[in-house]
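Visitor: Provided herewith: protein20.cif, mmCIF, C-alpha atoms; chains and numbers go by the auth columns.
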```cif
data_coords
#
loop_
_atom_site.group_PDB
_atom_site.id
_atom_site.type_symbol
_atom_site.label_atom_id
_atom_site.label_comp_id
_atom_site.label_asym_id
_atom_site.label_seq_id
_atom_site.Cartn_x
_atom_site.Cartn_y
_atom_site.Cartn_z
_atom_site.B_iso_or_equiv
_atom_site.auth_seq_id
_atom_site.auth_asym_id
ATOM 1 C CA MET A 1 -33.680 70.370 -15.734 0.00 167 F
ATOM 2 C CA GLY A 2 -37.299 69.117 -16.003 0.00 168 F
ATOM 3 C CA TYR A 3 -37.145 69.560 -19.764 0.00 169 F
ATOM 4 C CA ASN A 4 -34.059 67.311 -20.134 0.00 170 F
ATOM 5 C CA TYR A 5 -35.575 64.744 -17.777 0.00 171 F
ATOM 6 C CA LYS A 6 -38.680 64.471 -20.004 0.00 172 F
ATOM 7 C CA HIS A 7 -36.548 63.948 -23.114 0.00 173 F
ATOM 8 C CA ILE A 8 -34.445 61.289 -21.430 0.00 174 F
ATOM 9 C CA LEU A 9 -37.555 59.527 -20.132 0.00 175 F
ATOM 10 C CA LEU A 10 -39.197 59.636 -23.578 0.00 176 F
ATOM 11 C CA LEU A 11 -36.042 58.395 -25.301 0.00 177 F
ATOM 12 C CA THR A 12 -35.706 55.542 -22.774 0.00 178 F
ATOM 13 C CA LEU A 13 -39.346 54.615 -23.221 0.00 179 F
ATOM 14 C CA LEU A 14 -38.974 54.545 -27.031 0.00 180 F
ATOM 15 C CA LEU A 15 -35.886 52.331 -26.781 0.00 181 F
ATOM 16 C CA VAL A 16 -37.635 49.910 -24.410 0.00 182 F
ATOM 17 C CA VAL A 17 -40.733 49.694 -26.619 0.00 183 F
ATOM 18 C CA GLN A 18 -38.636 49.167 -29.746 0.00 184 F
ATOM 19 C CA ALA A 19 -36.450 46.512 -28.104 0.00 185 F
ATOM 20 C CA CYS A 20 -39.407 44.571 -26.694 0.00 186 F
ATOM 21 C CA SER A 21 -41.431 43.861 -29.772 0.00 187 F
ATOM 22 C CA VAL A 22 -43.761 40.899 -29.683 0.00 188 F
ATOM 23 C CA SER A 23 -44.837 39.059 -32.812 0.00 189 F
ATOM 24 C CA TYR A 24 -48.171 37.289 -33.085 0.00 190 F
ATOM 25 C CA LYS A 25 -49.369 34.999 -35.853 0.00 191 F
ATOM 26 C CA PHE A 26 -53.090 34.675 -36.272 0.00 192 F
ATOM 27 C CA ASN A 27 -53.053 31.766 -38.722 0.00 193 F
ATOM 28 C CA GLY A 28 -52.851 29.287 -35.877 0.00 194 F
ATOM 29 C CA ALA A 29 -50.013 27.232 -37.342 0.00 195 F
ATOM 30 C CA SER A 30 -47.662 25.672 -34.815 0.00 196 F
ATOM 31 C CA ILE A 31 -44.900 24.561 -37.150 0.00 197 F
ATOM 32 C CA ASN A 32 -41.195 24.346 -36.405 0.00 198 F
ATOM 33 C CA TYR A 33 -39.887 25.596 -39.760 0.00 199 F
ATOM 34 C CA GLN A 34 -36.350 24.503 -38.901 0.00 200 F
ATOM 35 C CA THR A 35 -37.377 20.836 -38.994 0.00 201 F
ATOM 36 C CA THR A 36 -40.525 20.949 -41.137 0.00 202 F
ATOM 37 C CA LYS A 37 -40.090 22.646 -44.485 0.00 203 F
ATOM 38 C CA SER A 38 -42.592 20.986 -46.829 0.00 204 F
ATOM 39 C CA ILE A 39 -45.940 19.292 -47.167 0.00 205 F
ATOM 40 C CA SER A 40 -46.953 16.999 -49.977 0.00 206 F
ATOM 41 C CA ILE A 41 -50.635 17.066 -50.868 0.00 207 F
ATOM 42 C CA ALA A 42 -51.820 14.388 -53.255 0.00 208 F
ATOM 43 C CA ASP A 43 -54.916 14.772 -55.406 0.00 209 F
ATOM 44 C CA PHE A 44 -58.097 13.617 -53.673 0.00 210 F
ATOM 45 C CA PRO A 45 -59.884 11.264 -56.088 0.00 211 F
ATOM 46 C CA ASN A 46 -63.664 11.103 -56.057 0.00 212 F
ATOM 47 C CA ASN A 47 -64.691 7.544 -55.182 0.00 213 F
ATOM 48 C CA ALA A 48 -68.227 8.399 -54.069 0.00 214 F
ATOM 49 C CA ALA A 49 -71.237 6.695 -55.641 0.00 215 F
ATOM 50 C CA LEU A 50 -72.625 10.070 -56.793 0.00 216 F
ATOM 51 C CA VAL A 51 -69.964 12.056 -58.647 0.00 217 F
ATOM 52 C CA TYR A 52 -69.733 15.797 -59.193 0.00 218 F
ATOM 53 C CA PRO A 53 -66.837 16.013 -61.704 0.00 219 F
ATOM 54 C CA GLN A 54 -65.340 19.287 -60.404 0.00 220 F
ATOM 55 C CA LEU A 55 -65.333 18.172 -56.759 0.00 221 F
ATOM 56 C CA SER A 56 -62.009 16.312 -56.744 0.00 222 F
ATOM 57 C CA ASN A 57 -60.069 19.248 -58.181 0.00 223 F
ATOM 58 C CA MET A 58 -61.997 21.764 -56.063 0.00 224 F
ATOM 59 C CA LEU A 59 -61.108 19.905 -52.846 0.00 225 F
ATOM 60 C CA SER A 60 -57.463 19.273 -53.739 0.00 226 F
ATOM 61 C CA GLU A 61 -56.826 22.893 -54.742 0.00 227 F
ATOM 62 C CA THR A 62 -58.661 24.358 -51.738 0.00 228 F
ATOM 63 C CA ILE A 63 -56.552 22.259 -49.363 0.00 229 F
ATOM 64 C CA ARG A 64 -53.332 23.286 -51.141 0.00 230 F
ATOM 65 C CA ASP A 65 -54.361 26.952 -51.081 0.00 231 F
ATOM 66 C CA GLN A 66 -55.018 26.718 -47.329 0.00 232 F
ATOM 67 C CA TYR A 67 -51.376 25.710 -46.672 0.00 233 F
ATOM 68 C CA VAL A 68 -49.920 28.159 -49.202 0.00 234 F
ATOM 69 C CA ARG A 69 -51.818 31.100 -47.692 0.00 235 F
ATOM 70 C CA GLN A 70 -51.301 30.260 -44.024 0.00 236 F
ATOM 71 C CA THR A 71 -47.877 28.635 -43.783 0.00 237 F
ATOM 72 C CA ARG A 72 -44.369 28.980 -45.167 0.00 238 F
ATOM 73 C CA LEU A 73 -44.300 25.283 -46.079 0.00 239 F
ATOM 74 C CA GLN A 74 -43.289 24.351 -49.592 0.00 240 F
ATOM 75 C CA VAL A 75 -46.259 22.506 -51.120 0.00 241 F
ATOM 76 C CA LEU A 76 -45.191 19.439 -53.117 0.00 242 F
ATOM 77 C CA THR A 77 -47.025 16.605 -54.870 0.00 243 F
ATOM 78 C CA LYS A 78 -44.998 13.947 -52.993 0.00 244 F
ATOM 79 C CA GLY A 79 -42.101 13.467 -50.592 0.00 245 F
ATOM 80 C CA GLY A 80 -42.810 16.267 -48.076 0.00 246 F
ATOM 81 C CA ASN A 81 -41.935 16.359 -44.384 0.00 247 F
ATOM 82 C CA LEU A 82 -45.700 16.255 -43.916 0.00 248 F
ATOM 83 C CA GLU A 83 -47.843 14.122 -46.226 0.00 249 F
ATOM 84 C CA LEU A 84 -51.538 14.552 -46.823 0.00 250 F
ATOM 85 C CA GLU A 85 -53.622 12.252 -48.973 0.00 251 F
ATOM 86 C CA GLY A 86 -57.142 11.025 -49.105 0.00 252 F
ATOM 87 C CA GLU A 87 -60.263 10.436 -51.126 0.00 253 F
ATOM 88 C CA ILE A 88 -63.828 11.592 -51.418 0.00 254 F
ATOM 89 C CA VAL A 89 -65.836 8.642 -50.111 0.00 255 F
ATOM 90 C CA GLY A 90 -69.295 10.156 -49.865 0.00 256 F
ATOM 91 C CA TYR A 91 -71.397 12.665 -51.794 0.00 257 F
ATOM 92 C CA GLU A 92 -75.032 12.109 -50.914 0.00 258 F
ATOM 93 C CA LEU A 93 -78.432 13.739 -51.139 0.00 259 F
ATOM 94 C CA THR A 94 -80.895 13.117 -48.326 0.00 260 F
ATOM 95 C CA PRO A 95 -84.489 14.374 -48.193 0.00 261 F
ATOM 96 C CA MET A 96 -85.030 16.312 -44.987 0.00 262 F
ATOM 97 C CA ALA A 97 -88.036 18.169 -43.594 0.00 263 F
ATOM 98 C CA ILE A 98 -91.325 16.772 -44.900 0.00 264 F
ATOM 99 C CA SER A 99 -93.988 19.310 -45.808 0.00 265 F
ATOM 100 C CA ALA A 100 -97.753 18.943 -45.231 0.00 266 F
ATOM 101 C CA ASP A 101 -98.191 17.349 -48.668 0.00 267 F
ATOM 102 C CA SER A 102 -95.695 14.537 -47.762 0.00 268 F
ATOM 103 C CA TYR A 103 -92.935 15.843 -50.032 0.00 269 F
ATOM 104 C CA ALA A 104 -89.489 16.858 -48.852 0.00 270 F
ATOM 105 C CA SER A 105 -89.233 20.606 -48.401 0.00 271 F
ATOM 106 C CA GLU A 106 -85.464 20.537 -47.859 0.00 272 F
ATOM 107 C CA THR A 107 -82.633 18.402 -49.129 0.00 273 F
ATOM 108 C CA LYS A 108 -79.303 17.824 -47.401 0.00 274 F
ATOM 109 C CA LEU A 109 -76.128 17.452 -49.457 0.00 275 F
ATOM 110 C CA THR A 110 -73.331 15.725 -47.529 0.00 276 F
ATOM 111 C CA LEU A 111 -69.652 15.491 -48.483 0.00 277 F
ATOM 112 C CA THR A 112 -67.423 12.930 -46.739 0.00 278 F
ATOM 113 C CA VAL A 113 -63.641 12.785 -47.148 0.00 279 F
ATOM 114 C CA LYS A 114 -61.250 10.167 -45.764 0.00 280 F
ATOM 115 C CA VAL A 115 -57.823 11.668 -44.954 0.00 281 F
ATOM 116 C CA SER A 116 -54.458 10.175 -44.104 0.00 282 F
ATOM 117 C CA PHE A 117 -51.890 12.534 -42.556 0.00 283 F
ATOM 118 C CA THR A 118 -48.280 11.454 -42.095 0.00 284 F
ATOM 119 C CA ASN A 119 -45.840 13.578 -40.134 0.00 285 F
ATOM 120 C CA ASN A 120 -42.364 12.291 -41.054 0.00 286 F
ATOM 121 C CA VAL A 121 -40.735 14.623 -38.485 0.00 287 F
ATOM 122 C CA ALA A 122 -42.998 13.682 -35.545 0.00 288 F
ATOM 123 C CA PRO A 123 -44.658 10.346 -36.465 0.00 289 F
ATOM 124 C CA GLU A 124 -46.764 10.329 -33.284 0.00 290 F
ATOM 125 C CA GLU A 125 -48.812 13.184 -34.795 0.00 291 F
ATOM 126 C CA SER A 126 -49.839 11.114 -37.836 0.00 292 F
ATOM 127 C CA PHE A 127 -53.483 10.063 -38.164 0.00 293 F
ATOM 128 C CA GLU A 128 -56.298 8.816 -40.363 0.00 294 F
ATOM 129 C CA ARG A 129 -59.670 10.576 -40.065 0.00 295 F
ATOM 130 C CA THR A 130 -62.919 11.053 -41.872 0.00 296 F
ATOM 131 C CA TYR A 131 -64.254 14.570 -42.339 0.00 297 F
ATOM 132 C CA SER A 132 -67.801 15.412 -43.234 0.00 298 F
ATOM 133 C CA ALA A 133 -69.708 18.596 -44.042 0.00 299 F
ATOM 134 C CA PHE A 134 -73.239 19.218 -45.205 0.00 300 F
ATOM 135 C CA GLN A 135 -75.457 21.941 -46.604 0.00 301 F
ATOM 136 C CA VAL A 136 -79.238 22.060 -46.675 0.00 302 F
ATOM 137 C CA PHE A 137 -81.106 23.595 -49.602 0.00 303 F
ATOM 138 C CA ASP A 138 -84.697 24.111 -50.662 0.00 304 F
ATOM 139 C CA ALA A 139 -86.023 20.942 -52.315 0.00 305 F
ATOM 140 C CA THR A 140 -87.754 22.996 -54.989 0.00 306 F
ATOM 141 C CA LYS A 141 -84.302 23.924 -56.371 0.00 307 F
ATOM 142 C CA LEU A 142 -82.370 21.661 -58.693 0.00 308 F
ATOM 143 C CA LEU A 143 -79.051 20.359 -57.383 0.00 309 F
ATOM 144 C CA THR A 144 -77.344 21.583 -60.550 0.00 310 F
ATOM 145 C CA ASP A 145 -78.433 25.156 -59.716 0.00 311 F
ATOM 146 C CA VAL A 146 -76.949 25.199 -56.191 0.00 312 F
ATOM 147 C CA GLN A 147 -74.258 22.512 -56.368 0.00 313 F
ATOM 148 C CA GLU A 148 -71.199 24.688 -56.999 0.00 314 F
ATOM 149 C CA GLU A 149 -71.984 27.112 -54.172 0.00 315 F
ATOM 150 C CA LEU A 150 -72.813 24.311 -51.717 0.00 316 F
ATOM 151 C CA CYS A 151 -69.673 22.373 -52.636 0.00 317 F
ATOM 152 C CA ASN A 152 -67.479 25.459 -52.229 0.00 318 F
ATOM 153 C CA THR A 153 -68.854 25.949 -48.716 0.00 319 F
ATOM 154 C CA MET A 154 -68.410 22.283 -47.720 0.00 320 F
ATOM 155 C CA VAL A 155 -64.938 22.016 -49.264 0.00 321 F
ATOM 156 C CA THR A 156 -63.779 25.156 -47.440 0.00 322 F
ATOM 157 C CA GLU A 157 -65.111 23.792 -44.136 0.00 323 F
ATOM 158 C CA ILE A 158 -63.351 20.447 -44.616 0.00 324 F
ATOM 159 C CA ALA A 159 -60.077 22.096 -45.746 0.00 325 F
ATOM 160 C CA GLU A 160 -60.082 24.282 -42.616 0.00 326 F
ATOM 161 C CA SER A 161 -60.715 21.258 -40.386 0.00 327 F
ATOM 162 C CA ILE A 162 -57.861 19.341 -42.012 0.00 328 F
ATOM 163 C CA TYR A 163 -55.550 22.347 -41.644 0.00 329 F
ATOM 164 C CA ASN A 164 -56.489 22.786 -37.981 0.00 330 F
ATOM 165 C CA ASP A 165 -55.930 19.100 -37.204 0.00 331 F
ATOM 166 C CA THR A 166 -52.583 18.864 -39.025 0.00 332 F
ATOM 167 C CA VAL A 167 -50.649 22.051 -38.298 0.00 333 F
ATOM 168 C CA ALA A 168 -52.748 24.316 -36.068 0.00 334 F
ATOM 169 C CA ARG A 169 -53.710 21.672 -33.483 0.00 335 F
ATOM 170 C CA TRP A 170 -56.130 23.753 -31.433 0.00 336 F
#
```
What would the structure in this file look like if it were written as structure tokens?

Guide:
Amino acid sequence: MGYNYKHILLLTLLLVVQACSVSYKFNGASINYQTTKSISIADFPNNAALVYPQLSNMLSETIRDQYVRQTRLQVLTKGGNLELEGEIVGYELTPMAISADSYASETKLTLTVKVSFTNNVAPEESFERTYSAFQVFDATKLLTDVQEELCNTMVTEIAESIYNDTVARW
């Protein structure tokens, strides 16, 4: 009798566990895919005074990749339920810490992007914001030697901030 009771209890437990599955998403997106199916992401032109030619494409593609990897939204060039567009408005070098010989020992590279987000499903969630990121590097290094790595870091940071503000909202 005890043997049958254990089997019944185990079978019941397995059925309960299987029936009560919980699904978690760790990408942070809070999207209603029944009403929101697409996002259009325009190219982000570089209108900064100092221009790094690869920056516009690097930013645009990193933002698109963020939505492709972390959502089920169809990414379009125009006409999406969500619309994202903007421009690079700042790309600046600033001397930082001054050494004992009165020369800068560090240089700060700052990237600033102006973004316009339009939510055609829930217009109250639309906004315009400016995002900025910076990296500091040793002033003895040439910008051309560290520029790609620094830009990749700043672009990734800005793309994540845009993603969080548009669809993750946390």

Visitor: Please compute the atom CA of Thr273 of chain F-atom CA of Ser327 of chain F distance, one decimal, in Å.

Guide: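 The value is 23.8 Å.
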
Visitor: Restricting the calculation to only C-alpha atoms, which member of F:Glu315, F:Glu272, F:Glu294, F:Glu326 is positioned closest to Glu253 of chain F?

Guide: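 Going through F:Glu315, F:Glu272, F:Glu294, F:Glu326 one by one, the smallest distance to Glu253 of chain F is for F:Glu294.
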
Visitor: From (-42.5, 17.3, -51.4), in the file's coordinates, out to 12 Å: which residues are reached, counting only C-alpha atoms? Answer as a PDB file with C-alpha atoms, in the frame of the given file.

Guide:
```pdb
ATOM      1  CA  THR F 202     -40.525  20.949 -41.137  1.00  0.00           C
ATOM      2  CA  LYS F 203     -40.090  22.646 -44.485  1.00  0.00           C
ATOM      3  CA  SER F 204     -42.592  20.986 -46.829  1.00  0.00           C
ATOM      4  CA  ILE F 205     -45.940  19.292 -47.167  1.00  0.00           C
ATOM      5  CA  SER F 206     -46.953  16.999 -49.977  1.00  0.00           C
ATOM      6  CA  ILE F 207     -50.635  17.066 -50.868  1.00  0.00           C
ATOM      7  CA  ALA F 208     -51.820  14.388 -53.255  1.00  0.00           C
ATOM      8  CA  LEU F 239     -44.300  25.283 -46.079  1.00  0.00           C
ATOM      9  CA  GLN F 240     -43.289  24.351 -49.592  1.00  0.00           C
ATOM     10  CA  VAL F 241     -46.259  22.506 -51.120  1.00  0.00           C
ATOM     11  CA  LEU F 242     -45.191  19.439 -53.117  1.00  0.00           C
ATOM     12  CA  THR F 243     -47.025  16.605 -54.870  1.00  0.00           C
ATOM     13  CA  LYS F 244     -44.998  13.947 -52.993  1.00  0.00           C
ATOM     14  CA  GLY F 245     -42.101  13.467 -50.592  1.00  0.00           C
ATOM     15  CA  GLY F 246     -42.810  16.267 -48.076  1.00  0.00           C
ATOM     16  CA  ASN F 247     -41.935  16.359 -44.384  1.00  0.00           C
ATOM     17  CA  LEU F 248     -45.700  16.255 -43.916  1.00  0.00           C
ATOM     18  CA  GLU F 249     -47.843  14.122 -46.226  1.00  0.00           C
ATOM     19  CA  LEU F 250     -51.538  14.552 -46.823  1.00  0.00           C
ATOM     20  CA  ASN F 286     -42.364  12.291 -41.054  1.00  0.00           C
TER      21      ASN F 286
END
```

Visitor: Any idea what the distance is between atom CA of Val302 of chain F and atom CA of Tyr257 of chain F?

Guide: 13.3 Å

Visitor: Find, counting only C-alpha atoms, the residue in F:Leu259, F:Ala305, F:Val281, F:Val287 that gets nearest to Tyr199 of chain F.

Guide: F:Val287

Visitor: Pick from F:Ile264, F:Ala270, F:Leu221, F:Ile254: nearest to Leu316 of chain F, with all atoms listed in the file counted?

Guide: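 When distances to Leu316 of chain F are compared using all atoms listed in the file, the smallest one comes from F:Leu221.
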
Visitor: Could you list, as number ranges by chain, every residue matched by the PyMOL selection byres ((chain F and resi 271) around 12) in this structure?

Guide: F: 260-270, 272-274, 302-307

Visitor: Please provide as a PyMOL selection string all residues within 10 Å of Asn212 of chain F, with the sequence filter that same-chain residues fewer than 5 positions apart are discarded (counting only C-alpha atoms).

Guide: chain F and resi 217-223+225+252-257+279

Visitor: Given all atoms listed in the file as the basis, pick out the residue of F:Asn318, F:Ala288, F:Gln200, F:Ile229 nearest to Asn330 of chain F.

Guide: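 With all atoms listed in the file as the atom set, the closest residue is F:Ile229.
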